[in-house]
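J.: Sending over a structure as C-alpha cells; questions will come in a sec.
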Amino acid sequence: MRNILVTGGSGYIGSHTVRELLKNGFNALVLDNFRYGNRDILENVLRVPYVVGQIGDKKLLDLILSGNHPINKGKEIDAIIHFAAYIDVNESWEDPAKYYNNNFIETFNLLETILSPNHKRINANKTNNLIPIVFSSSCATYGIPKENEIPISENIPQNPINPYGRSKLMTEQILSDFFKAYGLSSVSLRYFNAAGADPNSDLGENRKLETHLIPLTLDALSGNKEYINIYGNDYPTPDGTCIRDYIHITDLAKAHVKALDFISNSGGCKFYNLGTGKGYSVREVIEVAKKITGLELVVNETLRRDGDPPILVASSEKAYKELKWKPIYSDIETIIKHAWLWHKFKNNL
Ligand SMILES: NC(=O)c1ccc[n+]([C@@H]2O[C@H](COP(=O)([O-])OP(=O)(O)OC[C@H]3O[C@@H](n4cnc5c(N)ncnc54)[C@H](O)[C@@H]3O)[C@@H](O)[C@H]2O)c1
C-alpha cells in the first residue's frame with residue numbers, strides 16, 4: 001500500500017499527515033477545493049501533487065482512484081485518508097444544510113465511488129478488496145457524556161448535540177453498514193482537540209477564519225486581536241470554563257500512519273479515540289500561553305455558545321493497544337510552545 005489519496009490535505013490536520021506519510025515512504029496525492037486550505041503549503045513546503053476539486057465529484061474520483069488522472073497516470077490509489085469537511089460547530093447551527101451537504105452527502109458520493117468493482121485492489125492477504133479508508137471523525141459525536149463516562153471510551157452512547165457532530169456520526173454509521181454489506185474496510189479516528197504545530201515550525205494552524213482557542217489566544221497575546229473570548233464561565237467544572245483534551249498535531253498525524261498499517265494488515269471497521277486522557281480548562285490554556293510567551297492579553301468573558309459540552313476528555317486505551325500508537329508531544333506546554341513558534345514564523349515576529 002503506497003499511493004494514498006488525502007482529501008482535505010491542504011488543511012491543518014491533512015497537511016501534517018501528508019508530512020508523516022512522506023516521512024514513512026508513502027506517496028501522497030491531495031484532493032482539496034481550497035475553500036479553507038492552503039495551496040502554498042502543498043507547493044512550497046510539502047511539495048506534493050494535488051488536484052483541485054470536490055470530494056463528491058464521482059467522475060473526478062474515478063479518474064484519480066484508477067490512476068487515469070493526468071496527475072497520477074498509471075498509479076492506482078491504494079488507500080484514502082478522508083479529512084475534507086467543514087469544521088465550525090457554530091456555523092453548523094447557523095447553516096446546517098451547508099454541513100450535511102459537504103460533510104455527509106459529498107462523503108457519501110466518495111464512499112459510493114469506492115464501491116465500484118473497478119476500484120478493487122489485491123491486499124496483503126492476496127484477496128480482492130475495496131480501497132480502504134481512514135476517516136476523520138470527532139469527539140463531537142459523543143455529545144454530552146455523563147460524569148461517570150469520563151474519560152470517554154469508544155463504547156459509550158453517541159448522542160451528538162450539533163449538526164457538525166451529527167454529520168460525522170452519520171458517516172461513521174454508513175462506514176459500519178458498508179463494511180457489513182460490501183466489506184469496505186475503514187478506521188474512524190475520533191479526534192479530541194487537535195492543537196500545536198510541526199516541531200519544524202513550517203506547518204501549523206493557518207485558517208482563513210480561525211475559531212480555535214490556542215491560535216486565537218496567541219493572536220490576542222501578540223496584538224493581532226484585541227482580546228480573547230471565554231464563552232461561558234458557569235460550566236460545572238472547577239473554574240467554570242470548558243475542559244478539553246488537547247492532542248499535538250504531530251501525534252495525531254502519526255496515528256494516521258498507524259491506522260493505514262493496521263487496516264492494510266487486518267481490515268475491518270474500527271473506531272478509535274485519539275486524545276491524551278488529560279483535560280485543560282479554557283482558563284488553564286490561556287494561563288499556560290501567557291507563561292510561555294511572557295505576554296499579557298485582555299480576556300472577555302461572555303455567554304455560553306450552543307452545543308459546547310462542559311468536559312470532553314478521551315480514553316485512548318484502545319488506540320494504544322490496537323494501533324500501537326502513543327502520543328509523545330501532547331503535554332500542554334509543548335503544544336503551546338510549538339504553536340507559538342509557528343505563530344511567530346507565520347507572522348514574521
Ligand atoms: N481541528 C480539530 O480539532 C478537529 C477535531 C475533530 C475532528 N476534526 C476533523 O478533521 C478533519 C480536518 O480538520 P482540519 O482542522 O484540518 O480542518 P481544515 O479546515 O484545516 O481542513 C479541511 C480541508 O478540507 C477542504 N475541504 C472541505 N470540504 C471539501 C470538499 N467538499 N471537497 C474538497 N475539499 C474540501 C478544505 O478546503 C480544507 O483544506 C475534518 O474532517 C474535521 O471535521 C478536526
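Labels used: A, B, ... for chains in the order of the C-alpha cells, numbers from 1 for residues in each chain, and numbers from 1 for ligands as shown.
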At a cut-off of 6 Å around ligand 1, and using only C-alpha atoms and all ligand atoms, what residues come up? Please write them as a PDB file with N, CA and C atoms, in the first residue's frame.

T.:
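Generated file (result_22.pdb):
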ATOM      1  N   GLY A   8      -8.719  16.910   1.553  1.00  0.00           N
ATOM      2  CA  GLY A   8      -8.540  17.987   2.533  1.00  0.00           C
ATOM      3  C   GLY A   8      -7.094  18.081   3.000  1.00  0.00           C
ATOM      4  N   SER A  10      -4.713  19.972   2.250  1.00  0.00           N
ATOM      5  CA  SER A  10      -4.054  21.272   2.411  1.00  0.00           C
ATOM      6  C   SER A  10      -4.485  21.943   3.714  1.00  0.00           C
ATOM      7  N   GLY A  11      -5.405  21.290   4.458  1.00  0.00           N
ATOM      8  CA  GLY A  11      -5.862  21.856   5.730  1.00  0.00           C
ATOM      9  C   GLY A  11      -4.886  21.547   6.859  1.00  0.00           C
ATOM     10  N   TYR A  12      -5.307  21.890   8.060  1.00  0.00           N
ATOM     11  CA  TYR A  12      -4.428  21.784   9.233  1.00  0.00           C
ATOM     12  C   TYR A  12      -3.975  20.339   9.496  1.00  0.00           C
ATOM     13  N   ILE A  13      -4.919  19.448   9.746  1.00  0.00           N
ATOM     14  CA  ILE A  13      -4.525  18.074  10.110  1.00  0.00           C
ATOM     15  C   ILE A  13      -4.014  17.335   8.868  1.00  0.00           C
ATOM     16  N   GLY A  14      -4.649  17.608   7.717  1.00  0.00           N
ATOM     17  CA  GLY A  14      -4.246  16.950   6.478  1.00  0.00           C
ATOM     18  C   GLY A  14      -2.794  17.252   6.119  1.00  0.00           C
ATOM     19  N   ASP A  32      -8.332  18.675  -2.850  1.00  0.00           N
ATOM     20  CA  ASP A  32      -8.847  19.751  -1.993  1.00  0.00           C
ATOM     21  C   ASP A  32      -9.483  20.807  -2.889  1.00  0.00           C
ATOM     22  N   ASN A  33     -10.548  21.436  -2.383  1.00  0.00           N
ATOM     23  CA  ASN A  33     -11.139  22.536  -3.176  1.00  0.00           C
ATOM     24  C   ASN A  33     -10.568  23.899  -2.759  1.00  0.00           C
ATOM     25  N   PHE A  34      -9.683  23.907  -1.778  1.00  0.00           N
ATOM     26  CA  PHE A  34      -9.028  25.121  -1.266  1.00  0.00           C
ATOM     27  C   PHE A  34     -10.018  26.162  -0.753  1.00  0.00           C
ATOM     28  N   ARG A  35     -11.209  25.695  -0.386  1.00  0.00           N
ATOM     29  CA  ARG A  35     -12.152  26.641   0.230  1.00  0.00           C
ATOM     30  C   ARG A  35     -11.541  27.167   1.531  1.00  0.00           C
ATOM     31  N   TYR A  36     -10.853  26.280   2.256  1.00  0.00           N
ATOM     32  CA  TYR A  36     -10.220  26.696   3.511  1.00  0.00           C
ATOM     33  C   TYR A  36      -8.734  26.366   3.595  1.00  0.00           C
ATOM     34  N   GLY A  37      -8.251  25.479   2.748  1.00  0.00           N
ATOM     35  CA  GLY A  37      -6.867  25.027   2.908  1.00  0.00           C
ATOM     36  C   GLY A  37      -5.852  26.030   2.376  1.00  0.00           C
ATOM     37  N   GLY A  53     -10.513  20.126  -6.529  1.00  0.00           N
ATOM     38  CA  GLY A  53     -11.838  19.587  -6.836  1.00  0.00           C
ATOM     39  C   GLY A  53     -12.605  19.218  -5.591  1.00  0.00           C
ATOM     40  N   GLN A  54     -13.825  18.723  -5.837  1.00  0.00           N
ATOM     41  CA  GLN A  54     -14.745  18.367  -4.756  1.00  0.00           C
ATOM     42  C   GLN A  54     -14.621  16.874  -4.444  1.00  0.00           C
ATOM     43  N   ILE A  55     -14.724  16.531  -3.172  1.00  0.00           N
ATOM     44  CA  ILE A  55     -14.668  15.110  -2.791  1.00  0.00           C
ATOM     45  C   ILE A  55     -15.880  14.332  -3.283  1.00  0.00           C
ATOM     46  N   PHE A  83     -10.005  13.692   5.162  1.00  0.00           N
ATOM     47  CA  PHE A  83     -10.092  14.824   6.100  1.00  0.00           C
ATOM     48  C   PHE A  83     -11.131  15.863   5.687  1.00  0.00           C
ATOM     49  N   ALA A  84     -11.389  15.973   4.360  1.00  0.00           N
ATOM     50  CA  ALA A  84     -12.143  17.130   3.862  1.00  0.00           C
ATOM     51  C   ALA A  84     -13.514  17.235   4.520  1.00  0.00           C
ATOM     52  N   ALA A  85     -13.772  18.372   5.130  1.00  0.00           N
ATOM     53  CA  ALA A  85     -15.056  18.626   5.790  1.00  0.00           C
ATOM     54  C   ALA A  85     -15.080  20.083   6.214  1.00  0.00           C
ATOM     55  N   TYR A  86     -16.264  20.579   6.534  1.00  0.00           N
ATOM     56  CA  TYR A  86     -16.365  21.860   7.232  1.00  0.00           C
ATOM     57  C   TYR A  86     -16.373  21.555   8.726  1.00  0.00           C
ATOM     58  N   ILE A  87     -15.774  22.460   9.516  1.00  0.00           N
ATOM     59  CA  ILE A  87     -15.441  22.045  10.888  1.00  0.00           C
ATOM     60  C   ILE A  87     -15.944  22.996  11.986  1.00  0.00           C
ATOM     61  N   ASN A 102     -21.928  19.091   2.669  1.00  0.00           N
ATOM     62  CA  ASN A 102     -20.487  18.879   2.464  1.00  0.00           C
ATOM     63  C   ASN A 102     -19.971  17.650   3.218  1.00  0.00           C
ATOM     64  N   SER A 136     -11.743  10.967   9.268  1.00  0.00           N
ATOM     65  CA  SER A 136     -11.621  11.927  10.370  1.00  0.00           C
ATOM     66  C   SER A 136     -12.954  12.078  11.056  1.00  0.00           C
ATOM     67  N   SER A 137     -13.129  11.364  12.155  1.00  0.00           N
ATOM     68  CA  SER A 137     -14.336  11.591  12.935  1.00  0.00           C
ATOM     69  C   SER A 137     -13.990  12.524  14.097  1.00  0.00           C
ATOM     70  N   SER A 138     -14.846  12.570  15.098  1.00  0.00           N
ATOM     71  CA  SER A 138     -14.658  13.621  16.091  1.00  0.00           C
ATOM     72  C   SER A 138     -15.260  13.229  17.431  1.00  0.00           C
ATOM     73  N   TYR A 191     -11.005  12.337  16.778  1.00  0.00           N
ATOM     74  CA  TYR A 191     -10.020  13.245  17.382  1.00  0.00           C
ATOM     75  C   TYR A 191     -10.673  14.036  18.498  1.00  0.00           C
ATOM     76  N   PHE A 192      -9.902  14.315  19.543  1.00  0.00           N
ATOM     77  CA  PHE A 192     -10.323  15.305  20.529  1.00  0.00           C
ATOM     78  C   PHE A 192      -9.777  16.641  19.994  1.00  0.00           C
ATOM     79  N   ASN A 193      -9.158  17.508  20.775  1.00  0.00           N
ATOM     80  CA  ASN A 193      -8.818  18.816  20.194  1.00  0.00           C
ATOM     81  C   ASN A 193      -7.419  18.836  19.583  1.00  0.00           C
ATOM     82  N   ALA A 194      -7.356  18.855  18.255  1.00  0.00           N
ATOM     83  CA  ALA A 194      -6.062  18.929  17.571  1.00  0.00           C
ATOM     84  C   ALA A 194      -5.448  20.301  17.855  1.00  0.00           C
TER      85      ALA A 194
END

J.: Would you mind listing, for every residue of segment 66-152 of chain A within 8 Å of segment 304-309 of chain A, the two atoms forming the shortest contact and the distance between them in Å to one decimal, using only C-alpha atoms, sorted by chain and ascending residue number, as CSV?

T.:
residue,atom,partner,partner_atom,distance
A:Val89,CA,A:Gly307,CA,7.6
A:Asn90,CA,A:Asp306,CA,7.3
A:Gly143,CA,A:Pro309,CA,6.7
A:Ile144,CA,A:Pro309,CA,5.2

J.: Those same residues, written as a PDB file, in the first residue's frame with C-alpha atoms?

T.:
ATOM      1  CA  VAL A  89     -19.690  23.847  15.172  1.00  0.00           C
ATOM      2  CA  ASN A  90     -21.296  27.308  15.443  1.00  0.00           C
ATOM      3  CA  GLY A 143     -22.461  14.882  22.722  1.00  0.00           C
ATOM      4  CA  ILE A 144     -22.530  15.450  26.490  1.00  0.00           C
TER       5      ILE A 144
END

J.: Name the residues in contact with segment 298-303 of chain A at a cut-off of 6 Å, using only C-alpha atoms, excluding same-chain residues fewer than 2 positions from it; report them as JSON, numbers by chain.

T.: {"A": [227, 228, 229, 230, 231, 232]}

J.: Given only C-alpha atoms as the basis, pick out the residue of A:Tyr246, A:Ser315, A:Lys270, A:Thr17 nearest to Ile332 of chain A.

T.: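 For Ile332 of chain A, the nearest of the given residues is A:Tyr246.
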
J.: Go through segment 152-302 of chain A and collect every residue that DSSP, computed from the backbone, puts in strand (DSSP E or B); the answer should be as JSON, numbers by chain.

T.: {"A": [152, 186, 187, 188, 189, 190, 191, 193, 194, 195, 228, 229, 230, 231, 243, 244, 246, 247, 248, 269, 270, 271, 272, 273, 274, 280, 281, 299, 300, 301, 302]}

J.: Keeping only N, CA, C and O atoms, write the selected residues to a file as a CSV table (one decimal), in the first residue's frame.

T.:
chain,number,residue,atom,x,y,z
A,152,ILE,N,-13.8,9.4,28.2
A,152,ILE,CA,-14.7,8.8,27.3
A,152,ILE,C,-14.1,7.6,26.6
A,152,ILE,O,-13.0,7.8,26.0
A,186,SER,N,-12.5,0.2,7.0
A,186,SER,CA,-12.3,1.6,7.4
A,186,SER,C,-11.8,1.7,8.9
A,186,SER,O,-12.1,0.8,9.7
A,187,VAL,N,-11.1,2.8,9.1
A,187,VAL,CA,-10.8,3.2,10.5
A,187,VAL,C,-11.3,4.6,10.7
A,187,VAL,O,-10.9,5.5,10.0
A,188,SER,N,-12.2,4.8,11.7
A,188,SER,CA,-12.6,6.1,12.0
A,188,SER,C,-11.9,6.6,13.2
A,188,SER,O,-11.9,5.9,14.3
A,189,LEU,N,-11.2,7.7,13.1
A,189,LEU,CA,-10.4,8.3,14.2
A,189,LEU,C,-11.2,9.4,14.8
A,189,LEU,O,-11.5,10.4,14.1
A,190,ARG,N,-11.6,9.3,16.1
A,190,ARG,CA,-12.4,10.3,16.7
A,190,ARG,C,-11.4,11.2,17.5
A,190,ARG,O,-10.9,10.9,18.6
A,191,TYR,N,-11.0,12.3,16.8
A,191,TYR,CA,-10.0,13.2,17.4
A,191,TYR,C,-10.7,14.0,18.5
A,191,TYR,O,-11.8,14.5,18.4
A,193,ASN,N,-9.2,17.5,20.8
A,193,ASN,CA,-8.8,18.8,20.2
A,193,ASN,C,-7.4,18.8,19.6
A,193,ASN,O,-6.4,18.8,20.3
A,194,ALA,N,-7.4,18.9,18.3
A,194,ALA,CA,-6.1,18.9,17.6
A,194,ALA,C,-5.4,20.3,17.9
A,194,ALA,O,-6.1,21.3,17.8
A,195,ALA,N,-4.2,20.3,18.2
A,195,ALA,CA,-3.5,21.6,18.6
A,195,ALA,C,-2.0,21.5,18.3
A,195,ALA,O,-1.5,20.5,18.1
A,228,ILE,N,-9.4,38.0,23.9
A,228,ILE,CA,-9.8,36.6,23.7
A,228,ILE,C,-11.1,36.4,24.4
A,228,ILE,O,-11.3,36.8,25.5
A,229,ASN,N,-12.1,35.8,23.7
A,229,ASN,CA,-13.4,35.5,24.4
A,229,ASN,C,-13.3,34.2,25.1
A,229,ASN,O,-12.8,33.2,24.6
A,230,ILE,N,-13.9,34.2,26.3
A,230,ILE,CA,-14.2,32.9,27.0
A,230,ILE,C,-15.7,32.8,27.0
A,230,ILE,O,-16.5,33.6,27.5
A,231,TYR,N,-16.2,31.7,26.3
A,231,TYR,CA,-17.6,31.5,26.1
A,231,TYR,C,-18.2,30.7,27.3
A,231,TYR,O,-18.1,29.4,27.2
A,243,ILE,N,-13.6,22.2,29.6
A,243,ILE,CA,-12.4,21.4,29.7
A,243,ILE,C,-12.3,20.6,28.4
A,243,ILE,O,-13.3,19.9,28.0
A,244,ARG,N,-11.1,20.6,27.8
A,244,ARG,CA,-10.9,19.8,26.6
A,244,ARG,C,-9.6,19.1,26.7
A,244,ARG,O,-8.7,19.5,27.4
A,246,TYR,N,-6.3,18.2,24.7
A,246,TYR,CA,-5.6,18.7,23.5
A,246,TYR,C,-4.5,17.7,23.1
A,246,TYR,O,-3.7,17.2,23.9
A,247,ILE,N,-4.6,17.4,21.8
A,247,ILE,CA,-3.7,16.4,21.2
A,247,ILE,C,-2.8,17.0,20.2
A,247,ILE,O,-3.2,17.8,19.3
A,248,HIS,N,-1.5,16.8,20.4
A,248,HIS,CA,-0.5,17.5,19.5
A,248,HIS,C,-0.7,17.0,18.0
A,248,HIS,O,-0.8,15.8,17.8
A,269,CYS,N,-13.8,-2.8,10.4
A,269,CYS,CA,-14.4,-1.5,10.6
A,269,CYS,C,-14.2,-1.1,12.0
A,269,CYS,O,-14.8,-1.6,12.9
A,270,LYS,N,-13.3,-0.1,12.2
A,270,LYS,CA,-12.8,0.2,13.6
A,270,LYS,C,-13.0,1.7,13.9
A,270,LYS,O,-13.0,2.5,13.0
A,271,PHE,N,-13.1,1.9,15.2
A,271,PHE,CA,-13.4,3.3,15.7
A,271,PHE,C,-12.4,3.5,16.9
A,271,PHE,O,-12.4,2.7,17.8
A,272,TYR,N,-11.6,4.6,16.9
A,272,TYR,CA,-10.7,4.9,17.9
A,272,TYR,C,-10.7,6.3,18.4
A,272,TYR,O,-10.7,7.2,17.5
A,273,ASN,N,-10.7,6.5,19.7
A,273,ASN,CA,-10.5,7.9,20.2
A,273,ASN,C,-9.0,8.2,20.1
A,273,ASN,O,-8.2,7.4,20.4
A,274,LEU,N,-8.7,9.5,19.8
A,274,LEU,CA,-7.3,10.0,19.9
A,274,LEU,C,-7.3,11.2,20.8
A,274,LEU,O,-7.8,12.3,20.4
A,280,TYR,N,-7.7,20.2,30.0
A,280,TYR,CA,-7.4,21.5,30.5
A,280,TYR,C,-8.5,22.5,30.2
A,280,TYR,O,-9.2,22.4,29.2
A,281,SER,N,-8.8,23.3,31.2
A,281,SER,CA,-9.9,24.3,31.1
A,281,SER,C,-9.4,25.4,30.1
A,281,SER,O,-8.2,25.6,29.9
A,299,VAL,N,-9.0,39.5,28.5
A,299,VAL,CA,-9.9,38.4,28.4
A,299,VAL,C,-11.4,38.9,28.5
A,299,VAL,O,-11.6,39.7,29.3
A,300,ASN,N,-12.2,38.5,27.6
A,300,ASN,CA,-13.6,38.9,27.6
A,300,ASN,C,-14.5,37.7,27.9
A,300,ASN,O,-14.6,36.8,27.1
A,301,GLU,N,-15.1,37.8,29.1
A,301,GLU,CA,-16.0,36.6,29.5
A,301,GLU,C,-17.4,36.9,29.0
A,301,GLU,O,-18.0,37.9,29.3
A,302,THR,N,-17.9,36.0,28.2
A,302,THR,CA,-19.2,36.2,27.6
A,302,THR,C,-20.1,34.9,27.7
A,302,THR,O,-19.7,34.0,28.4

J.: At what distance in Å, to one decimal, does atom CA of Val6 of chain A lie from atom CA of Trp325 of chain A?

T.: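 Those two atoms sit 20.4 Å apart.
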
J.: Which is closest to Lys324 of chain A among A:Val288, A:Ala339, A:Ala259, A:Leu295, if we use only C-alpha atoms?

T.: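 Of the candidates, the smallest distance to Lys324 of chain A is held by A:Ala259.
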
J.: Could you please determine the separation between atom CA of Asn101 of chain A and atom CA of Thr7 of chain A in Å, to one decimal place?

T.: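 About the pair atom CA of Asn101 of chain A and atom CA of Thr7 of chain A: they are 16.1 Å apart.
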
J.: Excluding same-chain residues fewer than 5 positions from Asn44 of chain A, what lies within 12 Å of it counting only C-alpha atoms, as a JSON list (two decimals) with all heavy atoms, in the first residue's frame?

T.:
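As a result, selection_37.json now contains:
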[["chain", "number", "residue", "atom", "x", "y", "z"],
["A", 10, "SER", "N", -4.71, 19.97, 2.25],
["A", 10, "SER", "CA", -4.05, 21.27, 2.41],
["A", 10, "SER", "C", -4.49, 21.94, 3.71],
["A", 10, "SER", "O", -4.02, 23.02, 4.04],
["A", 10, "SER", "CB", -4.36, 22.19, 1.22],
["A", 10, "SER", "OG", -5.62, 22.77, 1.38],
["A", 38, "ASN", "N", -4.63, 25.55, 2.23],
["A", 38, "ASN", "CA", -3.55, 26.45, 1.86],
["A", 38, "ASN", "C", -2.70, 25.79, 0.77],
["A", 38, "ASN", "O", -1.91, 24.89, 1.04],
["A", 38, "ASN", "CB", -2.72, 26.73, 3.12],
["A", 38, "ASN", "CG", -1.75, 27.83, 2.92],
["A", 38, "ASN", "OD1", -1.10, 27.91, 1.86],
["A", 38, "ASN", "ND2", -1.63, 28.70, 3.89],
["A", 39, "ARG", "N", -2.88, 26.30, -0.46],
["A", 39, "ARG", "CA", -2.19, 25.72, -1.62],
["A", 39, "ARG", "C", -0.68, 25.90, -1.53],
["A", 39, "ARG", "O", 0.10, 25.03, -1.91],
["A", 39, "ARG", "CB", -2.71, 26.45, -2.87],
["A", 39, "ARG", "CG", -2.33, 25.83, -4.17],
["A", 39, "ARG", "CD", -2.73, 26.74, -5.31],
["A", 39, "ARG", "NE", -4.16, 26.94, -5.40],
["A", 39, "ARG", "CZ", -4.90, 26.58, -6.45],
["A", 39, "ARG", "NH1", -4.33, 26.03, -7.48],
["A", 39, "ARG", "NH2", -6.19, 26.81, -6.48],
["A", 49, "PRO", "N", 1.92, 16.44, -5.19],
["A", 49, "PRO", "CA", 0.94, 16.72, -6.24],
["A", 49, "PRO", "C", -0.46, 16.91, -5.66],
["A", 49, "PRO", "O", -0.77, 16.33, -4.62],
["A", 49, "PRO", "CB", 0.99, 15.46, -7.12],
["A", 49, "PRO", "CG", 1.59, 14.40, -6.28],
["A", 49, "PRO", "CD", 2.44, 15.07, -5.25],
["A", 202, "ASP", "N", 7.35, 25.02, 10.32],
["A", 202, "ASP", "CA", 6.98, 25.48, 8.97],
["A", 202, "ASP", "C", 5.57, 25.03, 8.57],
["A", 202, "ASP", "O", 5.14, 25.24, 7.44],
["A", 202, "ASP", "CB", 8.01, 24.99, 7.93],
["A", 202, "ASP", "CG", 8.20, 23.47, 7.97],
["A", 202, "ASP", "OD1", 7.69, 22.82, 8.91],
["A", 202, "ASP", "OD2", 8.84, 22.94, 7.06],
["A", 203, "LEU", "N", 4.87, 24.37, 9.48],
["A", 203, "LEU", "CA", 3.47, 23.97, 9.28],
["A", 203, "LEU", "C", 2.74, 24.25, 10.57],
["A", 203, "LEU", "O", 3.30, 24.06, 11.65],
["A", 203, "LEU", "CB", 3.35, 22.47, 9.04],
["A", 203, "LEU", "CG", 3.73, 21.85, 7.71],
["A", 203, "LEU", "CD1", 3.51, 20.34, 7.80],
["A", 203, "LEU", "CD2", 2.89, 22.44, 6.59]]

J.: Select, from A:Glu322, A:Glu91, A:Glu106, A:Glu172, the residue with the minimum atom-to-atom distance to Thr211 of chain A, counting only C-alpha atoms.

T.: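 Ranking A:Glu322, A:Glu91, A:Glu106, A:Glu172 by distance to Thr211 of chain A, first place goes to A:Glu91.
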
J.: Enumerate the residues of segment 211-250 of chain A with a DSSP assignment of alpha helix (DSSP H), computed from the backbone, and present them as a list in words.

T.: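 So, restricting segment 211-250 of chain A to alpha helix (DSSP H), we get Leu213, Ile214, Pro215, Leu216, Thr217, Leu218, Asp219, Ala220, Leu221, Ile249 and Thr250 of chain A.
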
J.: Here is a test: counting only C-alpha atoms, which residue of A:Glu20, A:Glu296, A:Glu226, A:Glu43 is nearest to Lys258 of chain A?

T.: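 Nearest to Lys258 of chain A: A:Glu20.
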
J.: Would you list the contacts of Ala314 of chain A as an NGL selection string, taking every protein, DNA or RNA residue within 9 Å and counting only C-alpha atoms, but skipping same-chain residues closer than 3 positions in sequence?

T.: :A and (139 or 150-154 or 191-192 or 245 or 273-279 or 317)

J.: Which residues, written as a ChimeraX atom specification, have at least one atom at most 8 Å from Gly56 of chain A, with only C-alpha atoms counted and residues fewer than 2 positions away on the same chain left out?

T.: /A:54,58,61,105-110

J.: Which neighbours of Leu115 of chain A fall inside 10 Å, counting only C-alpha atoms, when residues of the same chain fewer than 2 positions from it are skipped, and could you give them as a list of chain:residue names?

T.: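 Returned residues: A:Leu110, A:Leu111, A:Glu112, A:Thr113, A:Pro117, A:Asn118, A:His119, A:Lys120, A:Asn129, A:Leu130, A:Ile131, A:Phe178, A:Tyr182, A:Gly183, A:Leu184.
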
J.: Return the single residue from A:Ile292, A:Asn72, A:Lys344, A:Val257 that is closest to Ala197 of chain A, with distances computed using only C-alpha atoms.

T.: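 That would be A:Lys344, the residue with the smallest distance to Ala197 of chain A.
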